[in-house]
>>> print(open('input_32.pdb').read())   # PDB, C-alpha atoms and all ligand atoms
ATOM      1  CA  MET A1353      75.713  81.815  83.205
ATOM      2  CA  GLY A1354      76.587  85.456  83.779
ATOM      3  CA  HIS A1355      74.928  87.545  86.452
ATOM      4  CA  GLY A1356      72.630  90.331  85.413
ATOM      5  CA  PRO A1357      69.183  91.775  84.932
ATOM      6  CA  VAL A1358      67.053  88.628  84.885
ATOM      7  CA  SER A1359      63.448  88.712  85.975
ATOM      8  CA  ASP A1360      63.152  85.811  88.461
ATOM      9  CA  GLY A1361      63.147  87.752  91.694
ATOM     10  CA  VAL A1362      66.048  90.029  90.728
ATOM     11  CA  ARG A1363      65.183  93.521  89.578
ATOM     12  CA  VAL A1364      65.539  94.143  85.860
ATOM     13  CA  LEU A1365      67.757  97.117  85.086
ATOM     14  CA  PRO A1366      68.688  98.654  81.741
ATOM     15  CA  PRO A1367      72.165  97.989  80.312
ATOM     16  CA  ASN A1368      74.889  99.949  82.120
ATOM     17  CA  ASP A1369      72.550 101.095  84.898
ATOM     18  CA  PRO A1370      74.922 101.857  87.815
ATOM     19  CA  ARG A1371      72.459 100.303  90.279
ATOM     20  CA  GLN A1372      73.672  96.950  88.944
ATOM     21  CA  TYR A1373      76.829  97.478  91.011
ATOM     22  CA  ASP A1374      74.726  97.639  94.175
ATOM     23  CA  ASP A1375      72.942  94.419  93.235
ATOM     24  CA  LEU A1376      76.348  92.806  92.605
ATOM     25  CA  ALA A1377      78.079  94.274  95.675
ATOM     26  CA  GLY A1378      78.847  90.829  97.095
ATOM     27  CA  GLU A1379      80.700  89.808  93.927
ATOM     28  CA  TRP A1380      83.555  92.346  93.881
ATOM     29  CA  TRP A1381      86.101  90.501  95.971
ATOM     30  CA  ARG A1382      85.156  86.933  94.974
ATOM     31  CA  PRO A1383      87.976  85.741  92.705
ATOM     32  CA  ASP A1384      85.551  83.420  90.907
ATOM     33  CA  GLY A1385      82.662  85.899  91.035
ATOM     34  CA  ALA A1386      80.940  88.029  88.433
ATOM     35  CA  PHE A1387      83.819  90.541  88.460
ATOM     36  CA  ALA A1388      86.594  87.960  88.075
ATOM     37  CA  MET A1389      87.981  89.517  84.927
ATOM     38  CA  LEU A1390      88.261  92.893  86.661
ATOM     39  CA  HIS A1391      90.754  91.278  89.037
ATOM     40  CA  TRP A1392      92.889  90.136  86.102
ATOM     41  CA  LEU A1393      92.705  93.586  84.506
ATOM     42  CA  ALA A1394      93.503  95.387  87.767
ATOM     43  CA  ARG A1395      96.701  93.361  88.100
ATOM     44  CA  ALA A1396      97.690  94.197  84.506
ATOM     45  CA  ARG A1397      96.873  97.899  84.958
ATOM     46  CA  ALA A1398      98.832  98.141  88.202
ATOM     47  CA  ALA A1399     101.824  96.579  86.435
ATOM     48  CA  LEU A1400     101.945  99.729  84.255
ATOM     49  CA  VAL A1401     102.428 101.891  87.342
ATOM     50  CA  PRO A1402     106.050 102.399  88.471
ATOM     51  CA  PRO A1403     106.981 102.838  92.125
ATOM     52  CA  ALA A1404     106.314 106.387  93.333
ATOM     53  CA  SER A1405     109.149 108.804  92.575
ATOM     54  CA  ARG A1406     108.518 111.051  95.560
ATOM     55  CA  PRO A1407     107.060 110.923  99.080
ATOM     56  CA  ASP A1408     103.323 111.686  99.349
ATOM     57  CA  ALA A1409     102.671 110.609  95.764
ATOM     58  CA  VAL A1410      98.982 110.258  94.909
ATOM     59  CA  LEU A1411      97.285 107.813  92.553
ATOM     60  CA  VAL A1412      93.705 108.758  91.669
ATOM     61  CA  ASP A1413      91.670 105.733  90.601
ATOM     62  CA  LEU A1414      88.675 106.937  88.560
ATOM     63  CA  GLY A1415      85.689 104.587  88.796
ATOM     64  CA  CYS A1416      87.612 102.585  91.390
ATOM     65  CA  GLY A1417      84.732 100.240  92.203
ATOM     66  CA  ALA A1418      85.678  98.176  95.235
ATOM     67  CA  GLY A1419      89.362  99.054  94.900
ATOM     68  CA  LEU A1420      90.597  95.937  93.117
ATOM     69  CA  MET A1421      93.886  97.633  92.222
ATOM     70  CA  ALA A1422      94.765  98.085  95.892
ATOM     71  CA  PRO A1423      96.608  94.778  96.508
ATOM     72  CA  HIS A1424      98.623  95.263  93.316
ATOM     73  CA  LEU A1425      99.692  98.802  94.246
ATOM     74  CA  ALA A1426     100.717  97.890  97.774
ATOM     75  CA  GLY A1427     104.348  98.769  98.372
ATOM     76  CA  LYS A1428     104.589 101.135  95.397
ATOM     77  CA  GLY A1429     104.359 104.163  97.661
ATOM     78  CA  TYR A1430     101.156 105.884  96.558
ATOM     79  CA  ARG A1431      98.232 107.190  98.514
ATOM     80  CA  HIS A1432      95.433 105.436  96.582
ATOM     81  CA  VAL A1433      92.432 107.759  96.182
ATOM     82  CA  GLY A1434      89.351 106.213  94.583
ATOM     83  CA  VAL A1435      86.426 108.065  93.016
ATOM     84  CA  ASP A1436      83.180 106.284  92.219
ATOM     85  CA  LEU A1437      79.414 106.815  92.025
ATOM     86  CA  THR A1438      78.586 103.573  93.819
ATOM     87  CA  ARG A1439      78.679 103.864  97.584
ATOM     88  CA  SER A1440      78.444 100.113  98.237
ATOM     89  CA  ALA A1441      81.614  99.681  96.163
ATOM     90  CA  LEU A1442      83.377 102.625  97.825
ATOM     91  CA  GLU A1443      82.777 101.103 101.262
ATOM     92  CA  GLN A1444      84.631  97.992 100.130
ATOM     93  CA  ALA A1445      87.392 100.077  98.564
ATOM     94  CA  ALA A1446      87.848 101.921 101.860
ATOM     95  CA  ALA A1447      88.088  98.581 103.675
ATOM     96  CA  HIS A1448      91.023  97.778 101.360
ATOM     97  CA  GLY A1449      92.927 100.946 102.232
ATOM     98  CA  VAL A1450      91.620 103.230  99.485
ATOM     99  CA  THR A1451      90.782 106.838 100.357
ATOM    100  CA  ALA A1452      87.244 106.694  98.971
ATOM    101  CA  LEU A1453      85.508 109.709  97.436
ATOM    102  CA  ALA A1454      81.917 109.697  96.192
ATOM    103  CA  GLY A1455      81.827 111.501  92.882
ATOM    104  CA  ASP A1456      81.329 111.438  89.155
ATOM    105  CA  VAL A1457      84.377 110.921  86.974
ATOM    106  CA  THR A1458      83.160 113.748  84.743
ATOM    107  CA  ALA A1459      83.314 116.233  87.662
ATOM    108  CA  VAL A1460      85.896 114.993  90.144
ATOM    109  CA  PRO A1461      86.056 116.883  93.458
ATOM    110  CA  LEU A1462      89.871 117.122  93.438
ATOM    111  CA  ALA A1463      92.307 119.901  92.558
ATOM    112  CA  ASP A1464      94.080 120.355  89.219
ATOM    113  CA  GLY A1465      97.445 118.604  89.088
ATOM    114  CA  CYS A1466      96.959 116.708  92.360
ATOM    115  CA  ALA A1467      97.821 113.282  90.945
ATOM    116  CA  ASP A1468     101.114 111.625  90.098
ATOM    117  CA  VAL A1469      99.131 108.831  88.461
ATOM    118  CA  VAL A1470      95.535 108.649  87.251
ATOM    119  CA  ALA A1471      94.052 105.210  86.598
ATOM    120  CA  ALA A1472      90.828 104.764  84.643
ATOM    121  CA  GLY A1473      90.210 101.044  84.493
ATOM    122  CA  GLU A1474      87.102  99.709  82.781
ATOM    123  CA  VAL A1475      85.207 102.910  83.416
ATOM    124  CA  LEU A1476      85.285 105.055  80.253
ATOM    125  CA  GLU A1477      82.997 102.592  78.466
ATOM    126  CA  HIS A1478      80.406 103.123  81.204
ATOM    127  CA  VAL A1479      80.297 106.918  81.032
ATOM    128  CA  PRO A1480      77.838 108.586  78.645
ATOM    129  CA  ASP A1481      80.311 111.452  78.081
ATOM    130  CA  TRP A1482      83.698 109.686  78.064
ATOM    131  CA  ARG A1483      85.387 112.825  76.687
ATOM    132  CA  ALA A1484      84.454 114.694  79.869
ATOM    133  CA  ALA A1485      85.979 111.892  81.940
ATOM    134  CA  VAL A1486      89.192 112.064  79.884
ATOM    135  CA  ALA A1487      89.347 115.838  80.363
ATOM    136  CA  GLU A1488      89.070 115.280  84.121
ATOM    137  CA  ALA A1489      91.721 112.563  84.129
ATOM    138  CA  CYS A1490      94.153 114.877  82.336
ATOM    139  CA  ARG A1491      93.246 117.859  84.522
ATOM    140  CA  LEU A1492      94.072 115.890  87.674
ATOM    141  CA  LEU A1493      97.545 114.896  86.441
ATOM    142  CA  ARG A1494     100.535 116.965  87.397
ATOM    143  CA  PRO A1495     103.015 117.702  84.574
ATOM    144  CA  GLY A1496     104.993 114.509  84.094
ATOM    145  CA  GLY A1497     102.173 112.496  85.664
ATOM    146  CA  LEU A1498     101.092 109.150  84.242
ATOM    147  CA  LEU A1499      97.682 108.106  82.881
ATOM    148  CA  VAL A1500      96.910 104.377  82.744
ATOM    149  CA  LEU A1501      93.640 103.002  81.480
ATOM    150  CA  ASP A1502      91.865 100.114  79.860
ATOM    151  CA  THR A1503      88.578 100.075  78.044
ATOM    152  CA  LEU A1504      86.533  98.464  75.266
ATOM    153  CA  ASN A1505      86.753  99.639  71.691
ATOM    154  CA  ASP A1506      83.823 100.946  69.689
ATOM    155  CA  THR A1507      83.834  98.101  67.167
ATOM    156  CA  LEU A1508      81.479  95.376  66.048
ATOM    157  CA  LEU A1509      84.043  92.821  67.219
ATOM    158  CA  ALA A1510      84.041  94.303  70.734
ATOM    159  CA  ARG A1511      80.244  94.062  70.836
ATOM    160  CA  LEU A1512      80.420  90.427  69.786
ATOM    161  CA  VAL A1513      83.283  89.410  72.076
ATOM    162  CA  ALA A1514      82.628  91.555  75.176
ATOM    163  CA  VAL A1515      78.844  91.615  75.175
ATOM    164  CA  GLU A1516      77.371  88.781  73.109
ATOM    165  CA  LEU A1517      80.016  86.260  74.214
ATOM    166  CA  GLY A1518      81.611  87.791  77.331
ATOM    167  CA  GLU A1519      78.363  88.481  79.145
ATOM    168  CA  ARG A1520      77.396  84.816  78.689
ATOM    169  CA  LEU A1521      80.507  83.741  80.598
ATOM    170  CA  PRO A1522      80.762  83.831  84.394
ATOM    171  CA  THR A1523      83.553  86.423  84.261
ATOM    172  CA  VAL A1524      81.409  89.415  83.250
ATOM    173  CA  PRO A1525      77.963  90.407  84.597
ATOM    174  CA  ARG A1526      75.204  90.224  82.038
ATOM    175  CA  GLY A1527      73.778  93.628  81.097
ATOM    176  CA  ILE A1528      76.693  95.575  82.583
ATOM    177  CA  HIS A1529      77.689  97.128  79.226
ATOM    178  CA  ASP A1530      75.928  99.420  76.825
ATOM    179  CA  PRO A1531      77.997  99.028  73.648
ATOM    180  CA  ARG A1532      76.874 102.427  72.400
ATOM    181  CA  LEU A1533      79.273 103.870  75.010
ATOM    182  CA  PHE A1534      82.359 101.940  73.847
ATOM    183  CA  VAL A1535      85.400 104.105  73.150
ATOM    184  CA  ASP A1536      87.135 104.356  69.787
ATOM    185  CA  ASP A1537      90.871 104.050  70.440
ATOM    186  CA  ARG A1538      91.916 106.650  67.850
ATOM    187  CA  ALA A1539      89.406 109.171  69.197
ATOM    188  CA  LEU A1540      90.704 108.524  72.710
ATOM    189  CA  VAL A1541      94.308 109.203  71.665
ATOM    190  CA  VAL A1542      93.211 112.458  69.993
ATOM    191  CA  GLU A1543      91.199 113.518  73.035
ATOM    192  CA  CYS A1544      94.099 112.841  75.414
ATOM    193  CA  ALA A1545      96.444 114.839  73.167
ATOM    194  CA  ARG A1546      94.020 117.776  73.277
ATOM    195  CA  HIS A1547      94.455 117.728  77.059
ATOM    196  CA  GLY A1548      98.238 117.416  77.076
ATOM    197  CA  VAL A1549      98.636 113.653  77.421
ATOM    198  CA  THR A1550     100.429 111.616  74.771
ATOM    199  CA  LEU A1551      98.677 108.268  75.005
ATOM    200  CA  ARG A1552      99.932 105.017  73.506
ATOM    201  CA  VAL A1553      97.474 102.163  73.225
ATOM    202  CA  ARG A1554      97.899  98.422  72.795
ATOM    203  CA  GLY A1555      95.419  95.599  72.501
ATOM    204  CA  VAL A1556      95.227  93.181  75.419
ATOM    205  CA  ARG A1557      93.392  89.959  76.135
ATOM    206  CA  PRO A1558      93.404  87.187  78.711
ATOM    207  CA  GLY A1559      95.476  84.149  77.763
ATOM    208  CA  LEU A1560      93.078  81.726  76.083
ATOM    209  CA  ARG A1561      94.384  78.474  77.559
ATOM    210  CA  ALA A1562      94.544  79.984  81.039
ATOM    211  CA  THR A1563      90.993  81.291  80.661
ATOM    212  CA  LEU A1564      89.693  77.907  79.545
ATOM    213  CA  GLY A1565      91.516  76.289  82.467
ATOM    214  CA  TRP A1566      90.051  78.867  84.834
ATOM    215  CA  LEU A1567      86.526  78.246  83.496
ATOM    216  CA  VAL A1568      86.935  74.497  83.934
ATOM    217  CA  ARG A1569      88.289  74.886  87.496
ATOM    218  CA  ARG A1570      85.464  77.279  88.309
ATOM    219  CA  SER A1571      82.826  74.901  86.964
ATOM    220  CA  ARG A1572      84.290  72.301  89.354
ATOM    221  CA  GLY A1573      84.190  74.816  92.207
ATOM    222  CA  GLY A1574      87.995  75.084  92.359
ATOM    223  CA  ALA A1575      88.880  78.585  91.163
ATOM    224  CA  ALA A1576      88.226  80.325  94.466
ATOM    225  CA  ARG A1577      90.053  77.685  96.531
ATOM    226  CA  ASP A1578      93.127  77.632  94.318
ATOM    227  CA  VAL A1579      95.162  80.234  96.166
ATOM    228  CA  SER A1580      98.231  79.639  93.998
ATOM    229  CA  HIS A1581      96.291  80.752  90.936
ATOM    230  CA  ASP A1582      95.604  84.467  90.491
ATOM    231  CA  GLY A1583      93.570  83.981  87.345
ATOM    232  CA  PRO A1584      94.636  84.344  83.728
ATOM    233  CA  VAL A1585      97.315  86.867  82.860
ATOM    234  CA  ILE A1586      96.218  89.755  80.621
ATOM    235  CA  ARG A1587      98.624  89.828  77.668
ATOM    236  CA  PRO A1588      99.355  92.266  74.865
ATOM    237  CA  THR A1589      97.800  91.282  71.563
ATOM    238  CA  TRP A1590      98.177  92.569  67.998
ATOM    239  CA  SER A1591      94.795  94.271  67.753
ATOM    240  CA  THR A1592      93.091  96.968  69.791
ATOM    241  CA  ALA A1593      89.724  96.018  68.283
ATOM    242  CA  VAL A1594      88.242  94.590  71.495
ATOM    243  CA  LEU A1595      90.026  95.430  74.734
ATOM    244  CA  TYR A1596      92.941  97.816  74.985
ATOM    245  CA  GLN A1597      95.212  99.493  77.512
ATOM    246  CA  GLY A1598      96.488 103.048  77.299
ATOM    247  CA  ARG A1599      99.521 104.609  78.961
ATOM    248  CA  GLY A1600     100.564 108.223  78.579
ATOM    249  CA  VAL A1601     102.442 111.051  80.245
ATOM    250  CA  ARG A1602     101.171 114.563  80.730
ATOM    251  CA  HIS A1603     103.508 117.177  79.330
ATOM    252  CA  GLY A1604     103.607 120.894  80.000
TER     253      GLY A1604
HETATM  254  C1  LIG B1701      83.366  97.921  85.464
HETATM  255  S1  LIG B1701      83.493  98.747  86.990
HETATM  256  C2  LIG B1701      85.264  98.955  87.110
HETATM  257  C3  LIG B1701      85.696  99.183  88.522
HETATM  258  C4  LIG B1701      87.222  99.282  88.734
HETATM  259  N1  LIG B1701      87.828 100.334  87.958
HETATM  260  C5  LIG B1701      87.872  97.953  88.439
HETATM  261  O1  LIG B1701      88.463  97.846  87.362
HETATM  262  O2  LIG B1701      87.756  97.057  89.273
HETATM  263  C6  LIG B1701      82.955 100.387  86.612
HETATM  264  C7  LIG B1701      82.888 101.280  87.823
HETATM  265  O3  LIG B1701      82.697 102.616  87.361
HETATM  266  C8  LIG B1701      81.756 103.250  88.185
HETATM  267  N2  LIG B1701      81.165 104.331  87.414
HETATM  268  C9  LIG B1701      80.424 104.244  86.296
HETATM  269  N3  LIG B1701      80.110 105.472  85.837
HETATM  270  C10 LIG B1701      80.692 106.360  86.689
HETATM  271  C11 LIG B1701      80.747 107.771  86.752
HETATM  272  N4  LIG B1701      80.147 108.538  85.836
HETATM  273  N5  LIG B1701      81.422 108.343  87.769
HETATM  274  C12 LIG B1701      82.036 107.570  88.717
HETATM  275  N6  LIG B1701      82.023 106.226  88.699
HETATM  276  C13 LIG B1701      81.361 105.617  87.696
HETATM  277  C14 LIG B1701      80.795 102.154  88.617
HETATM  278  O4  LIG B1701      80.125 102.509  89.800
HETATM  279  C15 LIG B1701      81.753 100.986  88.772
HETATM  280  O5  LIG B1701      82.256 100.922  90.085
END
>>> encode(input="input_32.pdb", output="structure tokens")
Amino acid sequence: MGHGPVSDGVRVLPPNDPRQYDDLAGEWWRPDGAFAMLHWLARARAALVPPASRPDAVLVDLGCGAGLMAPHLAGKGYRHVGVDLTRSALEQAAAHGVTALAGDVTAVPLADGCADVVAAGEVLEHVPDWRAAVAEACRLLRPGGLLVLDTLNDTLLARLVAVELGERLPTVPRGIHDPRLFVDDRALVVECARHGVTLRVRGVRPGLRATLGWLVRRSRGGAARDVSHDGPVIRPTWSTAVLYQGRGVRHG
């Protein structure tokens, strides 16, 4: 069973209500917890980030949550600055070495061009005005800076796979998504281009056999104890129709 807005003693919240992240605060850093898939995605997103090309390089992590990218960025030479609405998550991010800033990704309290890299992992599909968040991501990038992101596509298939199926699995909290906010990949590419970032997108998914194996181990109580196993690898796939990554450089 997924975690989420059930009525037996747990408060019932509407889909995508950010207060869900407070209710789930204890789940962030549990490798077999409700945010397990975010760990797999954070590793895949961080793999798109090259080592810093200069001293004092800054990576701004929009909607950083509890800072799950931090272990995967260690040693790459960035100051990792995280921006999020949820204070309980930011406290955990700070405990993992992230410079934590309370703020909305549609109005980030940072200067133009301050970032060598901007990451926006699994956040655009939670923002009512994703175009405003994209404008902010591009504004923060210095010329030559890199945008990396992943999000859910605005398709019927994404609703079926990520919400109807995904939120019934223990890897995604139930009620965390509002599919009306999902982000069309072509519209995202156009929006990034309007703000000076040439974005390339590719579909990604967790390996199916590894995910089944992970679910079986978890059902036997083994996923969290298996330190040699970091969870399924997120792989490129032929279609962007469900989950996709984007990577693009700011010109100008
Ligand atoms: C699905 S979680 C992803 C967290 C993190 N990027 C990761 O991949 O582990 C979405 C995060 O976005 C944050 N969030 C949602 N809307 C936001 C907004 N408008 N401004 C800032 N943070 C937001 C939530 O608080 C939550 O921490």
>>> residues_near_ligand(input="input_32.pdb", ligand="ligand LIG 1701 (chain B)", cutoff="6 Å", atoms="all atoms listed in the file", output="list in words")
Pro1370, Leu1390, Ala1394, Gly1415, Cys1416, Gly1417, Leu1420, Asp1436, Leu1437, Thr1438, Gly1455, Asp1456, Val1457, Gly1473, Glu1474, Val1475, His1478 and Val1479 of chain A
>>> residues_around(input="input_32.pdb", residues="Arg1538 in chain A", least_positions_apart="6", cutoff="12 Å", atoms="all atoms listed in the file", output="PyMOL selection string")
chain A and resi 1505-1507+1544-1545+1551-1554+1592-1593+1596+1598
>>> atom_distance(input="input_32.pdb", atom1="CA of Met1389 in chain A", atom2="CA of Val1513 in chain A")
13.7 Å
>>> closest_residue(input="input_32.pdb", among="A:Glu1379, A:Asp1374, A:Glu1488, A:Asp1536", to="Pro1461 in chain A", atoms="all atoms listed in the file")
A:Glu1488
>>> resolve_selection(input="input_32.pdb", expression="the PyMOL selection byres (((chain A and resi 1407) around 10) and not hetatm)", output="PDB file with C-alpha atoms, keeping the file's coordinate frame")
ATOM      1  CA  ALA A1404     106.314 106.387  93.333  1.00  0.00           C
ATOM      2  CA  SER A1405     109.149 108.804  92.575  1.00  0.00           C
ATOM      3  CA  ARG A1406     108.518 111.051  95.560  1.00  0.00           C
ATOM      4  CA  ASP A1408     103.323 111.686  99.349  1.00  0.00           C
ATOM      5  CA  ALA A1409     102.671 110.609  95.764  1.00  0.00           C
ATOM      6  CA  VAL A1410      98.982 110.258  94.909  1.00  0.00           C
ATOM      7  CA  GLY A1429     104.359 104.163  97.661  1.00  0.00           C
ATOM      8  CA  TYR A1430     101.156 105.884  96.558  1.00  0.00           C
ATOM      9  CA  ARG A1431      98.232 107.190  98.514  1.00  0.00           C
TER      10      ARG A1431
END
>>> closest_residue(input="input_32.pdb", among="A:Gly1449, A:Gly1600, A:Pro1588, A:Gly1518", to="Leu1501 in chain A", atoms="all atoms listed in the file")
A:Gly1600
>>> atom_distance(input="input_32.pdb", atom1="CA of Val1585 in chain A", atom2="CA of Ala1562 in chain A")
7.6 Å
>>> atom_distance(input="input_32.pdb", atom1="CA of His1432 in chain A", atom2="CA of Pro1367 in chain A")
29.4 Å
>>> residues_around(input="input_32.pdb", residues="Val1524 in chain A", least_positions_apart="4", cutoff="12 Å", atoms="all atoms listed in the file", output="number ranges by chain")
A: 1353-1356, 1376, 1379-1380, 1384-1392, 1474, 1513-1520, 1528-1529
>>> write_last_selection(input="input_32.pdb", atoms="C-alpha atoms", output="short mmCIF file (atom, residue, chain, number, x, y, z; two decimals), in the frame of the given file")
data_model
loop_
_atom_site.label_atom_id
_atom_site.label_comp_id
_atom_site.auth_asym_id
_atom_site.auth_seq_id
_atom_site.Cartn_x
_atom_site.Cartn_y
_atom_site.Cartn_z
CA MET A 1353 75.71 81.82 83.20
CA GLY A 1354 76.59 85.46 83.78
CA HIS A 1355 74.93 87.54 86.45
CA GLY A 1356 72.63 90.33 85.41
CA LEU A 1376 76.35 92.81 92.60
CA GLU A 1379 80.70 89.81 93.93
CA TRP A 1380 83.56 92.35 93.88
CA ASP A 1384 85.55 83.42 90.91
CA GLY A 1385 82.66 85.90 91.04
CA ALA A 1386 80.94 88.03 88.43
CA PHE A 1387 83.82 90.54 88.46
CA ALA A 1388 86.59 87.96 88.08
CA MET A 1389 87.98 89.52 84.93
CA LEU A 1390 88.26 92.89 86.66
CA HIS A 1391 90.75 91.28 89.04
CA TRP A 1392 92.89 90.14 86.10
CA GLU A 1474 87.10 99.71 82.78
CA VAL A 1513 83.28 89.41 72.08
CA ALA A 1514 82.63 91.56 75.18
CA VAL A 1515 78.84 91.62 75.18
CA GLU A 1516 77.37 88.78 73.11
CA LEU A 1517 80.02 86.26 74.21
CA GLY A 1518 81.61 87.79 77.33
CA GLU A 1519 78.36 88.48 79.14
CA ARG A 1520 77.40 84.82 78.69
CA ILE A 1528 76.69 95.58 82.58
CA HIS A 1529 77.69 97.13 79.23
#
>>> closest_residue(input="input_32.pdb", among="A:Thr1589, A:Thr1458, A:Gln1372, A:Thr1550", to="Pro1480 in chain A", atoms="only C-alpha atoms")
A:Thr1458
>>> closest_residue(input="input_32.pdb", among="A:Asn1368, A:Gly1604, A:Leu1425, A:Asp1530", to="Pro1402 in chain A", atoms="all atoms listed in the file")
A:Leu1425
>>> resolve_selection(input="input_32.pdb", expression="the PyMOL selection byres (((chain A and resi 1434) around 9) and not hetatm)", output="PDB file with C-alpha atoms, in the coordinates of the input")
ATOM      1  CA  LEU A1411      97.285 107.813  92.553  1.00  0.00           C
ATOM      2  CA  VAL A1412      93.705 108.758  91.669  1.00  0.00           C
ATOM      3  CA  ASP A1413      91.670 105.733  90.601  1.00  0.00           C
ATOM      4  CA  LEU A1414      88.675 106.937  88.560  1.00  0.00           C
ATOM      5  CA  GLY A1415      85.689 104.587  88.796  1.00  0.00           C
ATOM      6  CA  CYS A1416      87.612 102.585  91.390  1.00  0.00           C
ATOM      7  CA  GLY A1417      84.732 100.240  92.203  1.00  0.00           C
ATOM      8  CA  ALA A1418      85.678  98.176  95.235  1.00  0.00           C
ATOM      9  CA  GLY A1419      89.362  99.054  94.900  1.00  0.00           C
ATOM     10  CA  HIS A1432      95.433 105.436  96.582  1.00  0.00           C
ATOM     11  CA  VAL A1433      92.432 107.759  96.182  1.00  0.00           C
ATOM     12  CA  VAL A1435      86.426 108.065  93.016  1.00  0.00           C
ATOM     13  CA  ASP A1436      83.180 106.284  92.219  1.00  0.00           C
ATOM     14  CA  LEU A1442      83.377 102.625  97.825  1.00  0.00           C
ATOM     15  CA  ALA A1445      87.392 100.077  98.564  1.00  0.00           C
ATOM     16  CA  ALA A1446      87.848 101.921 101.860  1.00  0.00           C
ATOM     17  CA  VAL A1450      91.620 103.230  99.485  1.00  0.00           C
ATOM     18  CA  THR A1451      90.782 106.838 100.357  1.00  0.00           C
ATOM     19  CA  ALA A1452      87.244 106.694  98.971  1.00  0.00           C
ATOM     20  CA  LEU A1453      85.508 109.709  97.436  1.00  0.00           C
ATOM     21  CA  ALA A1454      81.917 109.697  96.192  1.00  0.00           C
TER      22      ALA A1454
END
